[in-house]
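Visitor: As input, take run_19.txt (compact mmCIF, C-alpha atoms):
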# COMPACT_ATOMS: atom_id res chain seq x y z
CA THR Y 4 175.23 123.21 90.41
CA PHE Y 5 177.26 123.12 87.22
CA LEU Y 6 180.30 124.72 88.83
CA LEU Y 7 180.17 122.27 91.73
CA GLN Y 8 179.95 119.28 89.38
CA TYR Y 9 182.59 120.61 87.01
CA TYR Y 10 185.26 121.31 89.61
CA SER Y 11 184.55 118.14 91.57
CA GLN Y 12 185.93 116.03 88.70
CA ASN Y 13 189.67 116.37 89.35
CA ARG Y 14 189.97 119.43 87.14
CA ILE Y 15 192.53 122.19 87.62
CA ILE Y 16 190.91 124.84 89.79
CA PRO Y 17 192.03 128.43 89.08
CA LYS Y 18 192.51 131.17 91.62
CA THR Y 19 189.83 133.27 89.92
CA ILE Y 20 186.55 132.16 88.33
CA ILE Y 21 184.73 134.82 86.30
CA LEU Y 22 180.95 134.67 85.94
CA PRO Y 23 178.70 136.84 83.75
CA GLU Y 24 175.98 137.07 86.38
CA GLN Y 25 175.27 136.69 90.06
CA ILE Y 26 174.48 133.20 91.42
CA GLU Y 27 173.39 131.93 94.80
CA GLY Y 28 175.87 130.41 97.22
CA ILE Y 29 179.03 132.08 95.94
CA SER Y 30 180.61 132.29 99.40
CA ALA Y 31 179.98 128.59 100.13
CA LEU Y 32 181.36 127.62 96.72
CA GLU Y 33 184.48 129.76 97.23
CA GLU Y 34 185.05 128.13 100.61
CA TYR Y 35 184.61 124.61 99.18
CA LEU Y 36 187.00 125.23 96.28
CA SER Y 37 189.55 126.93 98.54
CA GLN Y 38 189.55 123.94 100.88
CA LYS Y 39 189.89 121.59 97.90
CA THR Y 40 192.91 123.43 96.50
CA GLY Y 41 194.64 124.80 99.60
CA PHE Y 42 194.64 128.38 98.30
CA LYS Y 43 192.07 131.18 98.18
CA VAL Y 44 189.66 130.90 95.21
CA ASN Y 45 187.72 134.03 94.23
CA ILE Y 46 184.51 133.98 92.21
CA VAL Y 47 184.08 137.31 90.41
CA VAL Y 48 180.86 138.55 88.84
CA THR Y 49 181.65 141.03 86.07
CA LYS Y 50 179.54 143.40 84.00
CA LYS Y 51 182.24 145.48 82.28
CA GLY Y 52 185.92 145.75 81.44
CA THR Y 53 188.39 143.01 80.45
CA ASN Y 54 186.64 140.29 82.44
CA LYS Y 55 183.36 141.07 80.66
CA LYS Y 56 185.11 140.74 77.28
CA LEU Y 57 186.59 137.39 78.34
CA CYS Y 58 183.15 136.11 79.35
CA ASP Y 59 181.67 137.27 76.03
CA ILE Y 60 184.42 135.48 74.07
CA ALA Y 61 183.88 132.27 76.08
CA SER Y 62 180.14 132.48 75.51
CA GLN Y 63 180.54 132.99 71.75
CA ASN Y 64 183.04 130.12 71.47
CA SER Y 65 180.65 127.84 73.35
CA LYS Y 66 177.76 128.81 71.09
CA GLU Y 67 179.78 128.12 67.92
CA TYR Y 68 180.99 124.78 69.28
CA LEU Y 69 177.44 123.77 70.20
CA GLU Y 70 176.07 124.74 66.77
CA LYS Y 71 178.87 122.83 65.03
CA SER Y 72 178.29 119.75 67.22
CA LEU Y 73 174.54 119.82 66.56
CA GLY Y 74 175.22 120.20 62.84
CA LEU Y 75 177.52 117.18 62.84
CA GLU Y 76 174.96 115.15 64.80
CA LYS Y 77 172.22 116.13 62.37
CA THR Y 78 174.36 115.18 59.36
CA LYS Y 79 175.26 111.85 60.94
CA HIS Y 80 171.59 111.16 61.68
CA ILE Y 81 170.62 111.87 58.05
CA LYS Y 82 173.32 109.50 56.77
CA THR Y 83 172.50 106.67 59.19
CA ILE Y 84 169.04 106.45 60.81
CA GLY Y 85 167.60 108.78 58.19
CA ALA Y 86 169.14 106.72 55.39
CA ILE Y 87 167.79 103.35 56.57
CA ASN Y 88 164.32 104.82 57.05
CA ARG Y 89 164.51 106.15 53.50
CA LEU Y 90 165.69 102.74 52.31
CA LYS Y 91 162.63 101.11 53.86
CA GLN Y 92 160.40 103.55 52.02
CA LEU Y 93 162.13 103.35 48.62
CA LEU Y 94 162.37 99.54 48.59
CA ASN Y 95 159.01 99.00 50.31
CA LEU Y 96 160.64 96.84 52.98
CA LYS Y 97 158.66 95.20 55.77
CA GLU Y 98 160.93 96.61 58.47
CA VAL Y 99 163.43 99.41 58.85
CA PRO Y 100 166.79 97.73 58.09
CA TYR Y 101 168.34 98.43 61.47
CA ARG Y 102 170.60 95.43 60.84
CA MET Y 103 171.83 94.86 57.29
CA GLU Y 104 174.04 91.97 56.27
CA CYS Y 105 175.88 92.18 52.96
CA PHE Y 106 177.39 89.12 51.27
CA ASP Y 107 180.07 89.07 48.62
CA ILE Y 108 182.03 86.21 47.00
CA SER Y 109 185.75 86.43 46.25
CA ASN Y 110 187.83 83.95 44.28
CA THR Y 111 191.56 83.48 44.81
CA SER Y 112 193.34 82.40 41.63
CA GLY Y 113 189.98 81.19 40.32
CA THR Y 114 189.91 78.27 42.74
CA ASN Y 115 189.56 79.08 46.46
CA SER Y 116 186.26 80.88 47.02
CA VAL Y 117 185.63 82.95 50.12
CA ALA Y 118 182.52 84.81 51.18
CA SER Y 119 182.47 87.90 53.36
CA MET Y 120 179.59 89.10 55.51
CA SER Y 121 179.64 92.80 56.29
CA VAL Y 122 177.23 94.03 58.94
CA PHE Y 123 175.66 97.46 59.34
CA VAL Y 124 173.75 98.38 62.48
CA ASN Y 125 171.68 101.57 62.47
CA GLY Y 126 173.33 102.51 59.19
CA GLU Y 127 176.90 102.24 60.51
CA PRO Y 128 179.52 99.50 59.97
CA ALA Y 129 179.65 97.01 62.87
CA THR Y 130 183.09 95.61 62.06
CA LYS Y 131 183.26 93.31 65.09
CA MET Y 132 180.34 91.38 63.61
CA TYR Y 133 181.93 90.89 60.18
CA ARG Y 134 182.46 87.23 59.31
CA LYS Y 135 184.28 85.24 56.62
CA PHE Y 136 183.17 81.92 55.13
CA ASN Y 137 185.39 79.44 53.32
CA ILE Y 138 183.28 77.89 50.58
CA LYS Y 139 183.17 74.13 51.20
CA THR Y 140 180.71 72.54 48.76
CA VAL Y 141 181.40 74.38 45.50
CA GLU Y 142 184.21 73.52 43.11
CA GLY Y 143 185.75 76.42 41.20
CA PRO Y 144 184.39 79.94 40.80
CA ASN Y 145 180.59 79.75 40.92
CA ASP Y 146 179.01 82.78 42.58
CA PHE Y 147 175.47 81.38 42.29
CA GLU Y 148 176.17 78.16 44.19
CA SER Y 149 178.57 79.88 46.59
CA LEU Y 150 175.93 82.40 47.61
CA LYS Y 151 173.43 79.59 48.14
CA GLU Y 152 175.86 77.77 50.42
CA VAL Y 153 176.71 80.89 52.42
CA LEU Y 154 173.10 81.91 53.01
CA THR Y 155 172.19 78.36 53.99
CA ARG Y 156 174.99 78.33 56.55
CA ARG Y 157 174.23 81.82 57.83
CA LEU Y 158 170.53 81.02 58.41
CA ALA Y 159 171.49 77.73 60.06
CA GLU Y 160 173.75 79.66 62.45
CA TYR Y 161 170.82 81.88 63.38
CA GLU Y 162 168.88 78.79 64.41
CA LYS Y 163 171.80 77.59 66.57
CA GLN Y 164 172.03 80.91 68.49
CA LYS Y 165 175.70 80.39 69.39
CA ASP Y 166 177.72 83.04 67.58
CA GLN Y 167 177.03 86.65 68.64
CA SER Y 168 177.11 87.93 65.08
CA PHE Y 169 174.72 85.25 63.81
CA SER Y 170 172.27 85.20 66.73
CA VAL Y 171 170.49 88.39 65.64
CA LYS Y 172 168.01 88.23 62.79
CA PRO Y 173 168.89 90.71 60.04
CA ASN Y 174 166.18 93.01 58.76
CA LEU Y 175 167.74 93.11 55.31
CA ILE Y 176 170.16 90.83 53.46
CA VAL Y 177 172.02 92.34 50.52
CA ILE Y 178 173.85 90.06 48.10
CA ASP Y 179 176.34 91.08 45.48
CA GLY Y 180 174.97 90.49 41.98
CA GLY Y 181 171.97 90.95 39.75
CA LYS Y 182 168.64 89.31 39.13
CA GLY Y 183 170.23 85.89 38.49
CA GLN Y 184 172.07 85.77 41.80
CA LEU Y 185 168.95 86.86 43.66
CA SER Y 186 166.81 84.19 41.98
CA SER Y 187 169.36 81.49 42.77
CA VAL Y 188 169.39 82.15 46.52
CA MET Y 189 165.61 82.40 46.90
CA GLU Y 190 165.28 78.60 46.87
CA VAL Y 191 167.39 78.35 50.04
CA PHE Y 192 165.69 81.35 51.63
CA GLY Y 193 162.67 79.15 52.24
CA GLY Y 194 160.87 79.81 55.49
CA TYR Y 195 162.47 83.23 55.85
CA VAL Y 196 160.52 84.67 52.93
CA GLY Y 197 158.28 87.29 54.49
CA LYS Y 198 160.40 87.42 57.65
CA ILE Y 199 163.64 88.87 56.30
CA ASP Y 200 163.88 91.25 53.36
CA ILE Y 201 166.46 90.45 50.71
CA CYS Y 202 167.80 92.25 47.65
CA SER Y 203 170.79 92.17 45.33
CA LEU Y 204 173.01 95.03 44.28
CA ALA Y 205 174.58 94.89 40.82
CA GLU Y 206 177.83 96.82 41.05
CA GLN Y 207 178.25 98.20 37.51
CA PHE Y 208 175.26 100.56 37.61
CA GLU Y 209 174.38 100.00 41.27
CA GLU Y 210 171.01 98.55 40.35
CA ILE Y 211 168.91 97.12 43.17
CA PHE Y 212 166.89 93.96 42.46
CA LEU Y 213 164.03 92.75 44.67
CA PRO Y 214 162.28 89.36 44.62
CA ASN Y 215 159.36 89.13 42.21
CA LYS Y 216 160.14 92.55 40.76
CA PRO Y 217 161.10 92.37 37.07
CA GLU Y 218 162.58 95.87 36.94
CA SER Y 219 165.55 97.08 38.95
CA ILE Y 220 165.58 100.19 41.11
CA ARG Y 221 168.25 102.78 40.44
CA LEU Y 222 168.90 105.50 42.98
CA ALA Y 223 170.92 108.65 42.49
CA LYS Y 224 174.56 108.26 43.51
CA THR Y 225 174.07 111.13 45.94
CA ASP Y 226 171.12 109.42 47.67
CA VAL Y 227 171.97 108.56 51.28
CA ALA Y 228 169.89 105.40 50.95
CA LEU Y 229 172.18 104.07 48.21
CA GLN Y 230 175.31 105.19 50.02
What's the structure tokens form of this structure?

Guide:
Amino acid sequence: TFLLQYYSQNRIIPKTIILPEQIEGISALEEYLSQKTGFKVNIVVTKKGTNKKLCDIASQNSKEYLEKSLGLEKTKHIKTIGAINRLKQLLNLKEVPYRMECFDISNTSGTNSVASMSVFVNGEPATKMYRKFNIKTVEGPNDFESLKEVLTRRLAEYEKQKDQSFSVKPNLIVIDGGKGQLSSVMEVFGGYVGKIDICSLAEQFEEIFLPNKPESIRLAKTDVALQ
């Protein structure tokens, strides 16, 4: 079945196919492949000699490739799905943060403030869902008020259900800053308290602050949850 599927997909068909063991329907398969190519295709079953060595090399290469692929998949799983499940546990979140939205404020020449929203889905960057906000109601550099404006606008967009990136409810909102920034945005978080988890991340020591928790949480730099 594999051989039939494999060579039906516009692949180059060789004049000789070497197999390590006998299979049913060899004659019918040879006839089909010969008709498909216009020349005689032979399927050889080998137990010794050069052909046997070639089969053994192909088998070993396939095994190594499979093991490497599985290893890469396992590593990726640990750093993505595994990491967000660990994050839920460490921060005692209500839900696994399958969708995380991270907000940061930037100031150009100390005057024009811009906010960025980075989105992570299943622990991986979803760059097509990134958004930028021009701060409209705040004069000068004021991260506290700028974050309040941005979260107000983002939650309002969720209610509108128009923009693809805003129409999905995040499981976790992460804001740039410390305890002060987190406290300032809680007053606009309003009816979403208990529905969406929120935290702040202070960059200098990568401390994580949670609402109503006086002490920060510090994770090891090597922890996949922090990364």

Visitor: Extract, using only C-alpha atoms, all DNA, RNA and protein residues at most 12 Å from Cys58 of chain Y, discarding same-chain residues fewer than 4 positions from it, and format them as a list in words.

Guide: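 Neighbouring residues, sequence-local ones excluded: Ile20, Ile21, Leu22, Pro23, Glu24, Val47, Val48, Thr49, Lys50, Lys51, Gly52, Thr53, Asn54, Ser62, Gln63, Asn64 and Ser65 of chain Y.
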
Visitor: Go ahead and write the residues just picked, C-alpha atoms, as a compact mmCIF listing (two decimals), keeping the file's coordinate frame.

Guide:
# COMPACT_ATOMS: atom_id res chain seq x y z
CA ILE Y 20 186.55 132.16 88.33
CA ILE Y 21 184.73 134.82 86.30
CA LEU Y 22 180.95 134.67 85.94
CA PRO Y 23 178.70 136.84 83.75
CA GLU Y 24 175.98 137.07 86.38
CA VAL Y 47 184.08 137.31 90.41
CA VAL Y 48 180.86 138.55 88.84
CA THR Y 49 181.65 141.03 86.07
CA LYS Y 50 179.54 143.40 84.00
CA LYS Y 51 182.24 145.48 82.28
CA GLY Y 52 185.92 145.75 81.44
CA THR Y 53 188.39 143.01 80.45
CA ASN Y 54 186.64 140.29 82.44
CA SER Y 62 180.14 132.48 75.51
CA GLN Y 63 180.54 132.99 71.75
CA ASN Y 64 183.04 130.12 71.47
CA SER Y 65 180.65 127.84 73.35

Visitor: Extract, using all atoms listed in the file, all DNA, RNA and protein residues at most 10 Å from segment 178-190 of chain Y, discarding same-chain residues fewer than 6 positions from it, and format them as a PyMOL selection string.

Guide: chain Y and resi 104-108+120+146-155+196+201-207+209-219

Visitor: Generate a file of the selected residues that holds C-alpha atoms, formatted as a short mmCIF file (atom, residue, chain, number, x, y, z; two decimals), in the coordinates of the input.

Guide:
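Contents of out.cif, as written:
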data_model
loop_
_atom_site.label_atom_id
_atom_site.label_comp_id
_atom_site.auth_asym_id
_atom_site.auth_seq_id
_atom_site.Cartn_x
_atom_site.Cartn_y
_atom_site.Cartn_z
CA GLU Y 104 174.04 91.97 56.27
CA CYS Y 105 175.88 92.18 52.96
CA PHE Y 106 177.39 89.12 51.27
CA ASP Y 107 180.07 89.07 48.62
CA ILE Y 108 182.03 86.21 47.00
CA MET Y 120 179.59 89.10 55.51
CA ASP Y 146 179.01 82.78 42.58
CA PHE Y 147 175.47 81.38 42.29
CA GLU Y 148 176.17 78.16 44.19
CA SER Y 149 178.57 79.88 46.59
CA LEU Y 150 175.93 82.40 47.61
CA LYS Y 151 173.43 79.59 48.14
CA GLU Y 152 175.86 77.77 50.42
CA VAL Y 153 176.71 80.89 52.42
CA LEU Y 154 173.10 81.91 53.01
CA THR Y 155 172.19 78.36 53.99
CA VAL Y 196 160.52 84.67 52.93
CA ILE Y 201 166.46 90.45 50.71
CA CYS Y 202 167.80 92.25 47.65
CA SER Y 203 170.79 92.17 45.33
CA LEU Y 204 173.01 95.03 44.28
CA ALA Y 205 174.58 94.89 40.82
CA GLU Y 206 177.83 96.82 41.05
CA GLN Y 207 178.25 98.20 37.51
CA GLU Y 209 174.38 100.00 41.27
CA GLU Y 210 171.01 98.55 40.35
CA ILE Y 211 168.91 97.12 43.17
CA PHE Y 212 166.89 93.96 42.46
CA LEU Y 213 164.03 92.75 44.67
CA PRO Y 214 162.28 89.36 44.62
CA ASN Y 215 159.36 89.13 42.21
CA LYS Y 216 160.14 92.55 40.76
CA PRO Y 217 161.10 92.37 37.07
CA GLU Y 218 162.58 95.87 36.94
CA SER Y 219 165.55 97.08 38.95
#

Visitor: When you draw a straight line from atom CA of Glu98 of chain Y to atom CA of His80 of chain Y, how long is it in Å?

Guide: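 So the answer is 18.3 Å.
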
Visitor: Please measure the separation of atom CA of Lys224 of chain Y and atom CA of Pro173 of chain Y, giving the value in Å to one decimal.

Guide: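 That distance, rounded to one decimal, is 24.8 Å.
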
Visitor: In Å to one decimal, how far is atom CA of Tyr101 of chain Y from atom CA of Ile84 of chain Y?

Guide: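 Distance between the two atoms: 8.1 Å.
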
Visitor: Here is a test: counting all atoms listed in the file, which residue of Y:Leu175, Y:Leu229, Y:Leu69, Y:Ile138 is nearest to Asn115 of chain Y?

Guide: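 Checking each of Y:Leu175, Y:Leu229, Y:Leu69, Y:Ile138 against Asn115 of chain Y, counting all atoms listed in the file, the winner is Y:Ile138.
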
Visitor: Go ahead and fit an axis-aligned box to every listed atom of segment 117-122 of chain Y plus 8 Å each side, and pass me the centre and edge lengths in Å, one decimal, as JSON.

Guide:
{"center_x": 181.4, "center_y": 88.5, "center_z": 54.5, "size_x": 24.4, "size_y": 27.1, "size_z": 24.8}

Visitor: Could you tell me which of Y:Gln92, Y:Glu34, Y:Phe169, Y:Gly126 comes closest to Lys79 of chain Y if we count only C-alpha atoms?

Guide: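 Result for the nearest residue to Lys79 of chain Y: Y:Gly126.
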
Visitor: Within 10 Å of Asn95 of chain Y, counting only C-alpha atoms, which residues qualify if same-chain residues fewer than 5 places away don't, as a VMD selection string?

Guide: chain Y and resid 89 to 90 200 213

Visitor: Hey, which of Y:Thr83, Y:Asn137, Y:Thr4, Y:Thr19 ends up closest to Glu33 of chain Y? Count all atoms listed in the file.

Guide: Y:Thr19
